[in-house]
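Peer 1: One structure is given below, represented as structure tokens, and several questions about it will come after.
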Number of protein chains: 4
Amino acid sequence: MLKTARGQLDGVIRMVEEDRYCIDISNQLMAIESLVAKTNATVLKAHVEGCVRCACASGDASIRDEKLREIEGVIDKLSR
Amino acid sequence: MLKTARGQLDGVIRMVEEDRYCIDISNQLMAIESLVAKTNATVLKAHVEGCVRCACASGDASIRDEKLREIEGVIDKLSR
Amino acid sequence: MLKTARGQLDGVIRMVEEDRYCIDISNQLMAIESLVAKTNATVLKAHVEGCVRCACASGDASIRDEKLREIEGVIDKLSR
Amino acid sequence: MLKTARGQLDGVIRMVEEDRYCIDISNQLMAIESLVAKTNATVLKAHVEGCVRCACASGDASIRDEKLREIEGVIDKLSR
């Protein structure tokens, strides 16, 4: 997905250089934003599924609490 | 916070009835959106701190996994 | 739409008082956010269709430029 | 700004290949999202300042209305 996003970003940079219509450029930028957001969600869900679950399963309360605090930080950032 | 949001919403409904300037109404609506988003983040962080932590501490893998799956659902919704 | 949002907000306040499940409260809060955002878009589009169009049609450059500057402010706020 | 975003995106692709910590990758992705959103706002404001203003100043009602309809489309997309 990130390589697709990079391809799209290269495309937008070309569009700007070719002085293409602003609304078309804007639509492409919003498509990139949405793809980056989707990639971010995928990364975070894999993190919960993997690292956070392992930390919780480990029985080590301080590692678990650290991971859960990180998730709270993620919630804050995504909520802005 | 929710009662503040309700007070603001009552205010906006009055602004619409009094036919106030659209941009002022829009600014108020965006302030409400932001307050509701902040309340949501607070609720979700308390949930992680409380329910999710307890579920993880319980040692019951199926309860823990259910809570973590819910968190993944939250990440998806917040990412839209 | 705003009265629907107020009804939903009253519903969430009751859910909090009844100590309902956090994830259900969060889902309701996100539904309200989305409804307020939709209402805001409706208000802003009516504003463009009405006030901004009139200002542009009036032939008065300073009124027109003021409305367009307001739209730029809206774009900034919506982009956050 | 777009070349900065591309540099950051290349950086994230490397981070993924090097199997870096998910939360660090996620933070970088959110920084890119925010930069792309800011660039989009800049493009759109320049569009209002330039093309939309010209169309409004032209006195041609059908061109003006077309530009204003595009702005309504932008408001819808930004509100999601």
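A note on labels: chains of the structure tokens are A, B, ... as shown, every chain counts residues from 1, and ligands are counted from 1 in their shown order.
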To test your reading of the structure, identify every residue in chain D that backbone DSSP assigns to alpha helix (DSSP H), and report it as an NGL selection string.
Peer 2: :D and (2-17 or 22-47 or 53-57 or 61-78)
Peer 1: Name all residues at most 8 Å from region 40-46 of chain B (count only C-alpha atoms; drop same-chain ones fewer than 5 positions away) and give them as a ChimeraX atom specification.
Peer 2: /A:72,75-76,79 /C:22-23,25-26,29-30
Peer 1: Could you please take those selected residues and save C-alpha atoms as a PDB file, in the first residue's frame?
Peer 2:
ATOM      1  CA  GLU A  72      -4.117   5.357  24.655  1.00  0.00           C
ATOM      2  CA  ILE A  75      -6.419   6.910  20.442  1.00  0.00           C
ATOM      3  CA  ASP A  76      -5.535  10.502  21.275  1.00  0.00           C
ATOM      4  CA  SER A  79      -9.086  11.477  17.581  1.00  0.00           C
TER       5      SER A  79
ATOM      6  CA  CYS C  22     -17.854   2.112  26.961  1.00  0.00           C
ATOM      7  CA  ILE C  23     -17.683   0.803  23.402  1.00  0.00           C
ATOM      8  CA  ILE C  25     -21.092   4.912  24.277  1.00  0.00           C
ATOM      9  CA  SER C  26     -18.135   5.495  21.962  1.00  0.00           C
ATOM     10  CA  LEU C  29     -20.447   9.514  20.144  1.00  0.00           C
ATOM     11  CA  MET C  30     -18.923   8.760  16.739  1.00  0.00           C
TER      12      MET C  30
END
Peer 1: I'd like the interatomic distance between CA of Leu2 (chain C) and CA of Ile13 (chain B), to a tenth of an Å.
Peer 2: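 So the two atoms, CA of Leu2 (chain C) and CA of Ile13 (chain B), lie 6.7 Å apart.
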Peer 1: Enumerate, in order of chain and increasing residue number, the residues of chain D with an atom no farther than 12 Å from chain C, each with its shortest atom pair and distance in Å to one decimal, counting only C-alpha atoms, as a Markdown table.
Peer 2:
| residue | atom | partner | partner_atom | distance |
| --- | --- | --- | --- | --- |
| D:Glu33 | CA | C:Arg80 | CA | 10.4 |
| D:Ser34 | CA | C:Arg80 | CA | 7.9 |
| D:Leu35 | CA | C:Arg80 | CA | 10.4 |
| D:Val36 | CA | C:Ser79 | CA | 9.9 |
| D:Ala37 | CA | C:Ser79 | CA | 6.1 |
| D:Lys38 | CA | C:Ser79 | CA | 6.9 |
| D:Thr39 | CA | C:Ser79 | CA | 9.6 |
| D:Asn40 | CA | C:Ser79 | CA | 8.0 |
| D:Ala41 | CA | C:Asp76 | CA | 6.0 |
| D:Thr42 | CA | C:Asp76 | CA | 8.3 |
| D:Val43 | CA | C:Ile75 | CA | 10.2 |
| D:Leu44 | CA | C:Ile75 | CA | 7.4 |
| D:Lys45 | CA | C:Glu72 | CA | 5.3 |
| D:Ala46 | CA | C:Glu72 | CA | 8.7 |
| D:His47 | CA | C:Glu72 | CA | 9.5 |
| D:Val48 | CA | C:Leu68 | CA | 6.7 |
| D:Glu49 | CA | C:Leu68 | CA | 7.3 |
| D:Gly50 | CA | C:Leu68 | CA | 10.3 |
| D:Cys51 | CA | C:Leu68 | CA | 11.3 |
| D:Val52 | CA | C:Leu68 | CA | 8.3 |
| D:Arg53 | CA | C:Leu68 | CA | 7.5 |
| D:Cys54 | CA | C:Cys56 | CA | 10.3 |
| D:Ala55 | CA | C:Cys56 | CA | 9.2 |
| D:Cys56 | CA | C:Cys56 | CA | 5.5 |
| D:Ala57 | CA | C:Cys56 | CA | 7.3 |
| D:Ser58 | CA | C:Gly59 | CA | 9.6 |
| D:Gly59 | CA | C:Ala57 | CA | 7.3 |
| D:Asp60 | CA | C:Ala57 | CA | 9.2 |
| D:Ala61 | CA | C:Ala57 | CA | 7.6 |
| D:Ser62 | CA | C:Ala57 | CA | 11.1 |
| D:Ile63 | CA | C:Cys56 | CA | 11.6 |
| D:Arg64 | CA | C:Cys56 | CA | 8.1 |
| D:Asp65 | CA | C:Arg53 | CA | 7.6 |
| D:Glu66 | CA | C:Arg53 | CA | 10.9 |
| D:Lys67 | CA | C:Arg53 | CA | 10.2 |
| D:Leu68 | CA | C:Val48 | CA | 6.7 |
| D:Arg69 | CA | C:Glu49 | CA | 7.9 |
| D:Glu70 | CA | C:Val48 | CA | 10.3 |
| D:Ile71 | CA | C:Val48 | CA | 7.9 |
| D:Glu72 | CA | C:Lys45 | CA | 5.3 |
| D:Gly73 | CA | C:Lys45 | CA | 8.5 |
| D:Val74 | CA | C:Ile75 | CA | 8.6 |
| D:Ile75 | CA | C:Ala41 | CA | 6.2 |
| D:Asp76 | CA | C:Ala41 | CA | 6.0 |
| D:Lys77 | CA | C:Ala41 | CA | 9.2 |
| D:Leu78 | CA | C:Leu78 | CA | 5.9 |
| D:Ser79 | CA | C:Ala37 | CA | 6.1 |
| D:Arg80 | CA | C:Ala37 | CA | 7.4 |
Peer 1: Could you state the separation of CA of Met15 (chain A) and CA of Lys3 (chain D) in Å, given to one decimal place?
Peer 2: 12.9 Å
Peer 1: Do you have the CA of Thr4 (chain C)-CA of Val12 (chain B) distance handy?
Peer 2: 13.0 Å
